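Q: Contents of query22.cif (mmCIF, C-alpha atoms) are given next:
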```
data_input
#
loop_
_atom_site.group_PDB
_atom_site.id
_atom_site.type_symbol
_atom_site.label_atom_id
_atom_site.label_comp_id
_atom_site.auth_asym_id
_atom_site.auth_seq_id
_atom_site.Cartn_x
_atom_site.Cartn_y
_atom_site.Cartn_z
ATOM 1 C CA MET I 1 55.859 61.452 -1.927
ATOM 2 C CA LYS I 2 55.446 62.611 -5.483
ATOM 3 C CA LYS I 3 54.772 59.765 -7.897
ATOM 4 C CA ALA I 4 57.319 59.551 -10.703
ATOM 5 C CA VAL I 5 55.619 59.872 -14.081
ATOM 6 C CA LYS I 6 57.405 58.677 -17.154
ATOM 7 C CA LYS I 7 57.133 61.334 -19.809
ATOM 8 C CA LYS I 8 55.872 59.942 -23.076
ATOM 9 C CA THR I 9 56.811 61.412 -26.412
ATOM 10 C CA LYS I 10 53.970 62.654 -28.547
ATOM 11 C CA THR I 11 53.883 63.055 -32.262
ATOM 12 C CA THR I 12 51.473 64.464 -34.804
ATOM 13 C CA ILE I 13 49.510 62.555 -37.418
ATOM 14 C CA ALA I 14 47.099 63.643 -40.118
ATOM 15 C CA VAL I 15 43.457 62.600 -40.009
ATOM 16 C CA SER I 16 40.499 63.515 -42.163
ATOM 17 C CA MET I 17 37.936 66.018 -40.947
ATOM 18 C CA GLU I 18 35.600 63.074 -40.476
ATOM 19 C CA GLY I 19 38.194 61.476 -38.227
ATOM 20 C CA LYS I 20 38.501 64.727 -36.284
ATOM 21 C CA ARG I 21 34.740 64.869 -35.775
ATOM 22 C CA ILE I 22 34.854 61.329 -34.361
ATOM 23 C CA LEU I 23 37.560 62.438 -31.960
ATOM 24 C CA ASP I 24 35.711 65.556 -30.895
ATOM 25 C CA ARG I 25 32.653 63.474 -30.173
ATOM 26 C CA ALA I 26 34.734 60.986 -28.224
ATOM 27 C CA VAL I 27 36.178 63.818 -26.122
ATOM 28 C CA GLU I 28 32.685 65.120 -25.412
ATOM 29 C CA THR I 29 31.441 61.662 -24.457
ATOM 30 C CA THR I 30 34.290 60.577 -22.229
ATOM 31 C CA GLY I 31 35.728 63.901 -21.088
ATOM 32 C CA ILE I 32 39.329 62.831 -21.628
ATOM 33 C CA ARG I 33 41.817 64.512 -23.894
ATOM 34 C CA ALA I 34 41.797 63.996 -27.647
ATOM 35 C CA PHE I 35 45.334 62.683 -27.940
ATOM 36 C CA ARG I 36 44.698 60.072 -25.273
ATOM 37 C CA ILE I 37 41.543 58.847 -26.981
ATOM 38 C CA THR I 38 43.290 58.784 -30.314
ATOM 39 C CA ASP I 39 46.157 56.848 -28.868
ATOM 40 C CA GLU I 40 43.877 54.367 -27.137
ATOM 41 C CA ALA I 41 41.771 53.832 -30.241
ATOM 42 C CA LEU I 42 44.756 53.398 -32.513
ATOM 43 C CA SER I 43 46.712 51.322 -30.063
ATOM 44 C CA GLU I 44 43.823 48.923 -29.533
ATOM 45 C CA TRP I 45 43.221 48.658 -33.259
ATOM 46 C CA SER I 46 46.866 48.218 -34.234
ATOM 47 C CA GLN I 47 47.500 45.663 -31.497
ATOM 48 C CA LYS I 48 44.539 43.602 -32.685
ATOM 49 C CA HIS I 49 45.605 43.731 -36.308
ATOM 50 C CA LEU I 50 49.315 43.320 -35.682
ATOM 51 C CA THR I 51 48.641 40.256 -33.539
ATOM 52 C CA ILE I 52 46.652 38.700 -36.383
ATOM 53 C CA SER I 53 49.357 39.437 -38.939
ATOM 54 C CA GLU I 54 52.081 38.070 -36.654
ATOM 55 C CA GLU I 55 50.144 34.865 -35.981
ATOM 56 C CA VAL I 56 49.836 34.259 -39.728
ATOM 57 C CA MET Z 1 35.323 40.611 -53.420
ATOM 58 C CA LYS Z 2 36.925 42.874 -56.032
ATOM 59 C CA THR Z 3 39.511 42.381 -58.728
ATOM 60 C CA VAL Z 4 42.507 44.693 -58.951
ATOM 61 C CA TYR Z 5 43.666 44.750 -62.553
ATOM 62 C CA SER Z 6 46.099 46.451 -64.901
ATOM 63 C CA VAL Z 7 45.517 47.572 -68.475
ATOM 64 C CA ILE Z 8 48.415 46.927 -70.847
ATOM 65 C CA ASN Z 9 48.860 48.651 -74.197
ATOM 66 C CA LYS Z 10 50.202 47.223 -77.456
ATOM 67 C CA GLU Z 11 53.751 48.208 -76.504
ATOM 68 C CA GLY Z 12 53.520 46.135 -73.317
ATOM 69 C CA ALA Z 13 53.368 49.136 -70.974
ATOM 70 C CA ILE Z 14 50.929 49.346 -68.076
ATOM 71 C CA VAL Z 15 48.692 52.316 -68.734
ATOM 72 C CA TYR Z 16 46.043 51.922 -66.065
ATOM 73 C CA VAL Z 17 45.325 50.191 -62.762
ATOM 74 C CA GLY Z 18 41.820 49.794 -61.460
ATOM 75 C CA CYS Z 19 39.568 47.690 -59.251
ATOM 76 C CA THR Z 20 36.141 46.370 -60.095
ATOM 77 C CA ILE Z 21 33.510 43.797 -59.250
ATOM 78 C CA ASP Z 22 32.878 43.158 -62.948
ATOM 79 C CA LEU Z 23 36.132 42.789 -64.846
ATOM 80 C CA LYS Z 24 34.553 41.819 -68.192
ATOM 81 C CA ARG Z 25 32.466 44.981 -68.239
ATOM 82 C CA ARG Z 26 35.413 47.189 -67.285
ATOM 83 C CA GLU Z 27 37.639 45.557 -69.897
ATOM 84 C CA ALA Z 28 35.036 46.283 -72.593
ATOM 85 C CA GLN Z 29 34.878 49.902 -71.426
ATOM 86 C CA HIS Z 30 38.665 50.265 -71.573
ATOM 87 C CA ARG Z 31 38.785 48.762 -75.067
ATOM 88 C CA ALA Z 32 36.004 51.052 -76.296
ATOM 89 C CA TYR Z 33 37.744 54.091 -74.827
ATOM 90 C CA ASN Z 34 41.281 53.259 -75.909
ATOM 91 C CA PRO Z 35 42.041 51.273 -79.093
ATOM 92 C CA GLU Z 36 45.659 50.874 -77.927
ATOM 93 C CA VAL Z 37 44.597 48.439 -75.175
ATOM 94 C CA ALA Z 38 46.135 45.003 -75.802
ATOM 95 C CA ARG Z 39 45.058 43.109 -72.703
ATOM 96 C CA VAL Z 40 43.881 43.312 -69.111
ATOM 97 C CA GLU Z 41 45.726 41.390 -66.392
ATOM 98 C CA ILE Z 42 44.432 40.418 -62.983
ATOM 99 C CA LEU Z 43 46.788 41.562 -60.227
ATOM 100 C CA GLU Z 44 44.892 40.154 -57.244
ATOM 101 C CA TYR Z 45 41.484 39.498 -55.704
ATOM 102 C CA VAL Z 46 40.808 41.533 -52.574
ATOM 103 C CA GLU Z 47 38.127 42.140 -49.969
ATOM 104 C CA ASP Z 48 35.968 45.204 -50.697
ATOM 105 C CA SER Z 49 37.131 46.978 -47.553
ATOM 106 C CA VAL Z 50 40.767 47.111 -48.708
ATOM 107 C CA ALA Z 51 40.219 47.344 -52.476
ATOM 108 C CA ASN Z 52 41.029 51.053 -52.761
ATOM 109 C CA GLU Z 53 44.171 50.722 -50.695
ATOM 110 C CA ARG Z 54 45.414 47.746 -52.689
ATOM 111 C CA GLU Z 55 44.636 49.557 -55.934
ATOM 112 C CA LEU Z 56 46.759 52.457 -54.719
ATOM 113 C CA HIS Z 57 49.526 50.081 -53.719
ATOM 114 C CA TRP Z 58 49.739 48.846 -57.319
ATOM 115 C CA ILE Z 59 49.372 52.338 -58.767
ATOM 116 C CA TYR Z 60 52.310 53.640 -56.740
ATOM 117 C CA LYS Z 61 54.338 50.500 -57.422
ATOM 118 C CA PHE Z 62 53.959 50.901 -61.188
ATOM 119 C CA ILE Z 63 54.517 54.658 -61.066
ATOM 120 C CA ASP Z 64 57.736 54.018 -59.151
ATOM 121 C CA GLU Z 65 58.745 51.477 -61.822
ATOM 122 C CA GLY Z 66 58.276 54.187 -64.445
ATOM 123 C CA GLN Z 67 55.140 52.764 -66.076
ATOM 124 C CA PRO Z 68 53.132 55.399 -67.988
ATOM 125 C CA LEU Z 69 49.957 55.121 -65.942
ATOM 126 C CA LYS Z 70 47.119 57.361 -66.989
ATOM 127 C CA ASN Z 71 45.222 57.135 -63.723
ATOM 128 C CA ARG Z 72 44.151 60.551 -62.632
ATOM 129 C CA GLU Z 73 46.298 60.158 -59.525
ATOM 130 C CA ASN Z 74 49.361 60.252 -61.747
ATOM 131 C CA LYS Z 75 48.527 63.739 -62.965
ATOM 132 C CA LYS Z 76 48.464 65.318 -59.554
ATOM 133 C CA ASN Z 77 51.133 65.657 -56.932
ATOM 134 C CA ARG Z 78 51.233 62.938 -54.356
ATOM 135 C CA THR Z 79 51.395 63.985 -50.744
ATOM 136 C CA LYS Z 80 54.731 62.334 -50.016
ATOM 137 C CA LYS Z 81 54.833 63.021 -46.304
ATOM 138 C CA TRP Z 82 51.780 60.908 -45.547
ATOM 139 C CA GLY Z 83 51.574 58.821 -48.709
ATOM 140 C CA VAL Z 84 48.017 60.027 -49.031
ATOM 141 C CA HIS Z 85 45.930 59.212 -52.069
ATOM 142 C CA ASN Z 86 44.636 62.245 -53.905
ATOM 143 C CA ASP Z 87 41.038 61.280 -53.242
ATOM 144 C CA TYR Z 88 41.931 61.347 -49.578
ATOM 145 C CA ALA Z 89 44.206 64.341 -49.913
ATOM 146 C CA SER Z 90 41.373 66.263 -51.522
ATOM 147 C CA GLN Z 91 39.548 65.873 -48.226
ATOM 148 C CA LYS Z 92 40.405 68.515 -45.705
ATOM 149 C CA MET Z 93 42.970 67.050 -43.342
ATOM 150 C CA CYS Z 94 43.897 68.140 -39.868
ATOM 151 C CA SER Z 95 46.483 67.109 -37.310
ATOM 152 C CA VAL Z 96 46.045 65.281 -34.049
ATOM 153 C CA GLN Z 97 48.629 64.327 -31.465
ATOM 154 C CA ILE Z 98 49.279 60.715 -30.505
ATOM 155 C CA LEU Z 99 52.010 58.920 -28.627
ATOM 156 C CA ALA Z 100 55.167 58.221 -30.599
ATOM 157 C CA SER Z 101 54.901 54.529 -29.628
ATOM 158 C CA THR Z 102 51.518 54.280 -31.331
ATOM 159 C CA LYS Z 103 52.869 56.029 -34.395
ATOM 160 C CA LYS Z 104 55.537 53.316 -34.623
ATOM 161 C CA LYS Z 105 52.828 50.638 -34.652
ATOM 162 C CA ILE Z 106 50.960 52.471 -37.389
ATOM 163 C CA ASP Z 107 54.143 52.779 -39.446
ATOM 164 C CA LYS Z 108 54.803 49.059 -39.044
ATOM 165 C CA TYR Z 109 51.276 48.065 -40.002
ATOM 166 C CA ALA Z 110 51.179 50.421 -42.991
ATOM 167 C CA LYS Z 111 54.499 49.105 -44.282
ATOM 168 C CA GLU Z 112 53.547 45.447 -43.856
ATOM 169 C CA HIS Z 113 50.150 45.797 -45.487
ATOM 170 C CA GLY Z 114 51.005 48.273 -48.219
ATOM 171 C CA VAL Z 115 48.416 50.726 -46.929
ATOM 172 C CA TYR Z 116 48.651 54.319 -45.858
ATOM 173 C CA HIS Z 117 48.759 55.960 -42.462
ATOM 174 C CA TYR Z 118 45.568 57.811 -43.136
ATOM 175 C CA PHE Z 119 43.749 54.547 -43.869
ATOM 176 C CA VAL Z 120 44.939 52.956 -40.622
ATOM 177 C CA VAL Z 121 43.932 55.980 -38.564
ATOM 178 C CA HIS Z 122 40.600 56.242 -40.320
ATOM 179 C CA GLN Z 123 39.797 52.557 -39.735
ATOM 180 C CA ALA Z 124 40.745 52.762 -36.072
ATOM 181 C CA LEU Z 125 38.575 55.801 -35.503
ATOM 182 C CA GLN Z 126 35.658 54.225 -37.341
ATOM 183 C CA GLU Z 127 35.880 51.254 -35.002
ATOM 184 C CA TYR Z 128 36.158 53.588 -32.052
ATOM 185 C CA ILE Z 129 32.941 55.407 -32.912
ATOM 186 C CA LYS Z 130 31.172 52.042 -33.128
ATOM 187 C CA PHE Z 131 32.436 51.353 -29.629
ATOM 188 C CA LEU Z 132 31.142 54.737 -28.434
ATOM 189 C CA LYS Z 133 27.751 54.026 -29.955
ATOM 190 C CA GLU Z 134 27.596 50.743 -28.077
ATOM 191 C CA ILE Z 135 28.342 52.578 -24.813
ATOM 192 C CA GLU Z 136 25.628 55.125 -25.602
ATOM 193 C CA ASN Z 137 23.116 52.374 -26.337
ATOM 194 C CA ALA Z 138 24.029 50.512 -23.158
ATOM 195 C CA THR Z 139 23.631 53.724 -21.128
ATOM 196 C CA THR Z 140 20.290 54.490 -22.739
ATOM 197 C CA ILE Z 141 18.961 50.996 -22.104
ATOM 198 C CA GLY Z 142 20.259 50.990 -18.531
ATOM 199 C CA ALA Z 143 18.846 54.442 -17.731
#
```
Can the structure from this file be put into structure tokens for me?
A:
Amino acid sequence: MKKAVKKKTKTTIAVSMEGKRILDRAVETTGIRAFRITDEALSEWSQKHLTISEEV
Amino acid sequence: MKTVYSVINKEGAIVYVGCTIDLKRREAQHRAYNPEVARVEILEYVEDSVANERELHWIYKFIDEGQPLKNRENKKNRTKKWGVHNDYASQKMCSVQILASTKKKIDKYAKEHGVYHYFVVHQALQEYIKFLKEIENATTIGA
């Protein structure tokens, strides 16, 4: 049976060229797609920082 | 630690916002450069890592209030869509795709902290590259 995959909405953000280079390197290192890495990196970072701000 | 400060002229208008580690020295420079300077007021003390962002927060706040700031940022167009500082905007930017749910978190954080999307993204990616370096080091040591 085919597994149901929830489609997630993507959006576009602006990053500096330096940021893009970091992403490109991350893609090379891990072999996964740029948007996924970006999302993981940002999600991890924002969760950490949002948790701190909410605790305060 | 840095001090974010405003420069006020003899008419009581805010003409400049800056951040510095040595306020006395900067105040003397402002007075030497502009005889119309009446006083310098401390807006807040901030950690070095967020000093530029907080400075921009005050710059935009005072610009929005109609203060005649002479910061160079005031002379150029602001990139409204991303709220990007001109120093950042002068860097070549490019687009990347992320999930809309993550974008919401970034928006929330940026709004709460008075910082800009670019700053949040930049910080996250900087941390990410540190993480990648750690993986590389671990692989090299283990190999």
Q: Near chain I, meaning an atom within 7 Å, which residues of chain Z appear when counting only C-alpha atoms? Write them as a list of chain:residue names.
A: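 Putting it all together, I get Z:Gln91, Z:Lys92, Z:Met93, Z:Cys94, Z:Ser95, Z:Val96, Z:Gln97, Z:Ile98, Z:Leu99, Z:Ala100, Z:Thr102, Z:Lys105, Z:Ile106, Z:Tyr109, Z:Tyr118, Z:Val121, Z:His122, Z:Ala124, Z:Leu125, Z:Tyr128, Z:Ile129.
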Q: Quote the spacing between atom CA of Z:Lys133 and atom CA of Z:Asp107 in Å to one decimal place.
A: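 Computing the Euclidean distance for atom CA of Z:Lys133 and atom CA of Z:Asp107 yields 28.1 Å.
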Q: Measuring atom to atom with only C-alpha atoms, identify which of Z:Ile63, Z:Met1, Z:Leu56, Z:Ala32 is nearest to Z:Ala13.
A: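 Smallest distance to Z:Ala13 is found for Z:Ile63.
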Q: For the provided coordinates, the residues matched by the PyMOL selection byres ((chain Z and resi 4) around 10) should be stated as a PyMOL selection string.
A: chain Z and resi 1-3+5-6+17-21+23+41-46+51-52+54-56+58
Q: How many Å lie between atom CA of Z:Leu69 and atom CA of Z:Val7, rounded to one decimal?
A: 9.1 Å
Q: Hey, could you pull the box centre and edge lengths for stretch 126-136 of chain Z, axis-aligned, 4 Å padding per side, all listed atoms, to one decimal in Å, as JSON?
A:
```
{"center_x": 30.9, "center_y": 53.1, "center_z": -31.1, "size_x": 18.5, "size_y": 12.7, "size_z": 20.5}
```
Q: Interatomic distance between atom CA of Z:Pro35 and atom CA of Z:Phe62?
A: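 Separation between atom CA of Z:Pro35 and atom CA of Z:Phe62: 21.5 Å.
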Q: For Z:Ala28, find every residue with an atom within 12 Å (counting all atoms listed in the file), except residues of its own chain fewer than 3 positions away, and show them as a list of chain:residue names.
A: Z:Val7, Z:Asp22, Z:Leu23, Z:Lys24, Z:Arg25, Z:Arg31, Z:Ala32, Z:Tyr33, Z:Asn34, Z:Pro35, Z:Val37, Z:Ala38, Z:Arg39, Z:Val40
